[in-house]
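J.: Got a structure for you, written out below as structure tokens; questions coming shortly.
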Amino acid sequence: MKRIDVVKKPDGWAGESGGRTVPRTKAPTQAETIKKVVAAAKNDAQPVSIRTHRADGKIREDRTYPRSANPRESKG
């Protein structure tokens with residue numbers, strides 16, 4: 001499953017996958033970046049896990065798109 005992390009950058013927030021910034025996901029706020037990353041995930045042909053990080057790097061939330069691909073055994 002593909003994973004996109006929403007992370008803090010010096011100039012705002014961005015979606016990253018495999019250590020690279022996902023195109024068109026940079027934004028000044030975390031909320032705007034999440035909206036852009038969710039849109040990218042919904043348009044992807046394969047399931048995508050979105051991991052949202054706090055400014056300190058700790059994981060705040062983990063979502064899967066489409067929801068039908070969400071692992072049934074996860075505690076989140």
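Here's how to read the names in the structure tokens: chain A, B, ... by the order shown, residue numbers from 1 in each chain, ligand numbers from 1 in the order shown.
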Considering only C-alpha atoms, return as a list in words whatever protein or nucleic-acid residues lie within 9 Å of stretch 5-12 of chain A, sequence-local ones (same chain, fewer than 2 positions apart) excluded.
T.: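 Residues meeting the cut-off are Arg3, Ala14, Gly15, Glu16, Ser17, Thr25, Lys26, Ala27, Pro28, Thr29, Gln30, Thr33, Ile34, Val37, Ser49, Ile50, Arg51, Thr52, His53, Arg54, Ala55, Asp56 and Gly57 of chain A.
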J.: Please return, as a ChimeraX atom specification, all residues of chain A that DSSP assigns to helix (DSSP H, G or I) on the basis of the backbone.
T.: /A:30-43,67-69
J.: Kindly export the residues of the current selection with all heavy atoms, as a CSV table (one decimal), in the first residue's frame.
T.:
```csv
chain,number,residue,atom,x,y,z
A,30,GLN,N,-1.5,23.1,7.7
A,30,GLN,CA,-1.6,21.6,7.7
A,30,GLN,C,-3.0,21.2,7.1
A,30,GLN,O,-3.1,20.3,6.3
A,30,GLN,CB,-1.5,21.1,9.1
A,30,GLN,CG,-1.5,19.6,9.2
A,30,GLN,CD,-1.4,19.1,10.6
A,30,GLN,OE1,-2.2,19.5,11.5
A,30,GLN,NE2,-0.5,18.1,10.8
A,31,ALA,N,-4.0,22.0,7.4
A,31,ALA,CA,-5.4,21.6,6.9
A,31,ALA,C,-5.5,21.7,5.4
A,31,ALA,O,-6.1,20.8,4.8
A,31,ALA,CB,-6.4,22.6,7.6
A,32,GLU,N,-4.9,22.7,4.8
A,32,GLU,CA,-4.9,22.8,3.4
A,32,GLU,C,-4.1,21.6,2.7
A,32,GLU,O,-4.5,21.1,1.7
A,32,GLU,CB,-4.2,24.1,2.9
A,32,GLU,CG,-5.1,25.3,3.2
A,32,GLU,CD,-4.4,26.6,2.7
A,32,GLU,OE1,-4.2,26.8,1.5
A,32,GLU,OE2,-3.9,27.4,3.6
A,33,THR,N,-3.0,21.3,3.3
A,33,THR,CA,-2.2,20.2,2.8
A,33,THR,C,-2.9,18.9,2.9
A,33,THR,O,-2.9,18.1,2.0
A,33,THR,CB,-0.8,20.1,3.6
A,33,THR,OG1,-0.1,21.3,3.3
A,33,THR,CG2,0.0,18.9,3.1
A,34,ILE,N,-3.6,18.6,4.0
A,34,ILE,CA,-4.4,17.4,4.2
A,34,ILE,C,-5.5,17.3,3.1
A,34,ILE,O,-5.7,16.3,2.5
A,34,ILE,CB,-5.1,17.3,5.6
A,34,ILE,CG1,-4.0,17.1,6.6
A,34,ILE,CG2,-6.1,16.2,5.7
A,34,ILE,CD1,-4.4,17.3,8.1
A,35,LYS,N,-6.2,18.4,2.8
A,35,LYS,CA,-7.2,18.4,1.7
A,35,LYS,C,-6.6,18.0,0.4
A,35,LYS,O,-7.1,17.2,-0.4
A,35,LYS,CB,-7.8,19.8,1.6
A,35,LYS,CG,-8.8,20.1,2.7
A,35,LYS,CD,-9.4,21.5,2.5
A,35,LYS,CE,-10.3,21.9,3.7
A,35,LYS,NZ,-10.8,23.2,3.5
A,36,LYS,N,-5.4,18.6,0.1
A,36,LYS,CA,-4.7,18.3,-1.2
A,36,LYS,C,-4.3,16.8,-1.2
A,36,LYS,O,-4.4,16.1,-2.3
A,36,LYS,CB,-3.5,19.2,-1.4
A,36,LYS,CG,-3.9,20.6,-1.6
A,36,LYS,CD,-2.7,21.5,-1.8
A,36,LYS,CE,-3.1,22.9,-2.1
A,36,LYS,NZ,-1.9,23.8,-2.5
A,37,VAL,N,-3.8,16.3,-0.1
A,37,VAL,CA,-3.3,14.9,-0.1
A,37,VAL,C,-4.5,13.9,-0.2
A,37,VAL,O,-4.4,12.9,-0.9
A,37,VAL,CB,-2.5,14.7,1.2
A,37,VAL,CG1,-2.2,13.2,1.4
A,37,VAL,CG2,-1.1,15.4,1.2
A,38,VAL,N,-5.6,14.2,0.5
A,38,VAL,CA,-6.8,13.4,0.4
A,38,VAL,C,-7.3,13.3,-1.0
A,38,VAL,O,-7.6,12.3,-1.6
A,38,VAL,CB,-7.9,13.9,1.4
A,38,VAL,CG1,-9.2,13.2,1.1
A,38,VAL,CG2,-7.4,13.6,2.8
A,39,ALA,N,-7.3,14.5,-1.7
A,39,ALA,CA,-7.7,14.5,-3.1
A,39,ALA,C,-6.8,13.7,-4.0
A,39,ALA,O,-7.3,12.9,-4.8
A,39,ALA,CB,-7.7,16.0,-3.6
A,40,ALA,N,-5.5,13.7,-3.7
A,40,ALA,CA,-4.5,12.9,-4.5
A,40,ALA,C,-4.8,11.4,-4.2
A,40,ALA,O,-4.7,10.6,-5.1
A,40,ALA,CB,-3.1,13.3,-4.2
A,41,ALA,N,-5.0,11.1,-3.0
A,41,ALA,CA,-5.2,9.7,-2.6
A,41,ALA,C,-6.5,9.1,-3.2
A,41,ALA,O,-6.5,8.0,-3.7
A,41,ALA,CB,-5.3,9.6,-1.1
A,42,LYS,N,-7.6,9.9,-3.2
A,42,LYS,CA,-8.8,9.5,-3.8
A,42,LYS,C,-8.7,9.3,-5.3
A,42,LYS,O,-9.4,8.5,-5.9
A,42,LYS,CB,-9.9,10.5,-3.5
A,42,LYS,CG,-10.4,10.4,-2.1
A,42,LYS,CD,-11.5,11.4,-1.8
A,42,LYS,CE,-12.0,11.3,-0.4
A,42,LYS,NZ,-13.1,12.2,-0.1
A,43,ASN,N,-7.8,10.0,-6.0
A,43,ASN,CA,-7.6,9.8,-7.4
A,43,ASN,C,-6.6,8.8,-7.8
A,43,ASN,O,-6.4,8.4,-9.0
A,43,ASN,CB,-7.2,11.2,-8.0
A,43,ASN,CG,-8.3,12.2,-8.1
A,43,ASN,OD1,-9.4,11.8,-8.2
A,43,ASN,ND2,-7.9,13.4,-7.9
A,67,ARG,N,-11.7,3.6,2.0
A,67,ARG,CA,-11.9,3.0,3.4
A,67,ARG,C,-12.0,1.5,3.3
A,67,ARG,O,-11.7,0.9,4.3
A,67,ARG,CB,-13.2,3.6,4.0
A,67,ARG,CG,-12.9,5.1,4.4
A,67,ARG,CD,-14.1,5.7,5.2
A,67,ARG,NE,-14.4,4.9,6.4
A,67,ARG,CZ,-13.9,5.1,7.6
A,67,ARG,NH1,-12.9,6.0,7.8
A,67,ARG,NH2,-14.3,4.4,8.7
A,68,SER,N,-12.5,1.0,2.2
A,68,SER,CA,-12.6,-0.5,2.1
A,68,SER,C,-11.2,-1.2,2.2
A,68,SER,O,-11.1,-2.4,2.5
A,68,SER,CB,-13.3,-0.8,0.8
A,68,SER,OG,-12.5,-0.4,-0.3
A,69,ALA,N,-10.1,-0.4,2.0
A,69,ALA,CA,-8.8,-1.0,2.0
A,69,ALA,C,-8.2,-0.9,3.4
A,69,ALA,O,-7.1,-1.4,3.6
A,69,ALA,CB,-7.9,-0.3,1.0
```
J.: Check chain A with DSSP on the backbone and list each residue it calls strand (DSSP E), as a PyMOL selection string.
T.: chain A and resi 2-9+12-17+20-21+48-53+59-65
J.: Give the answer as one residue: which of A:Thr64, A:Trp13, A:Gly19, A:Arg24 has the shortest atom-to-atom distance to A:Pro47, using only C-alpha atoms?
T.: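 Of A:Thr64, A:Trp13, A:Gly19, A:Arg24, the one nearest A:Pro47 is A:Thr64, counting only C-alpha atoms.
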J.: Work out how far atom CA of A:Pro23 is from atom CA of A:Lys2, in Å to one decimal.
T.: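 Computing the Euclidean distance for atom CA of A:Lys2 and atom CA of A:Pro23 yields 15.0 Å.
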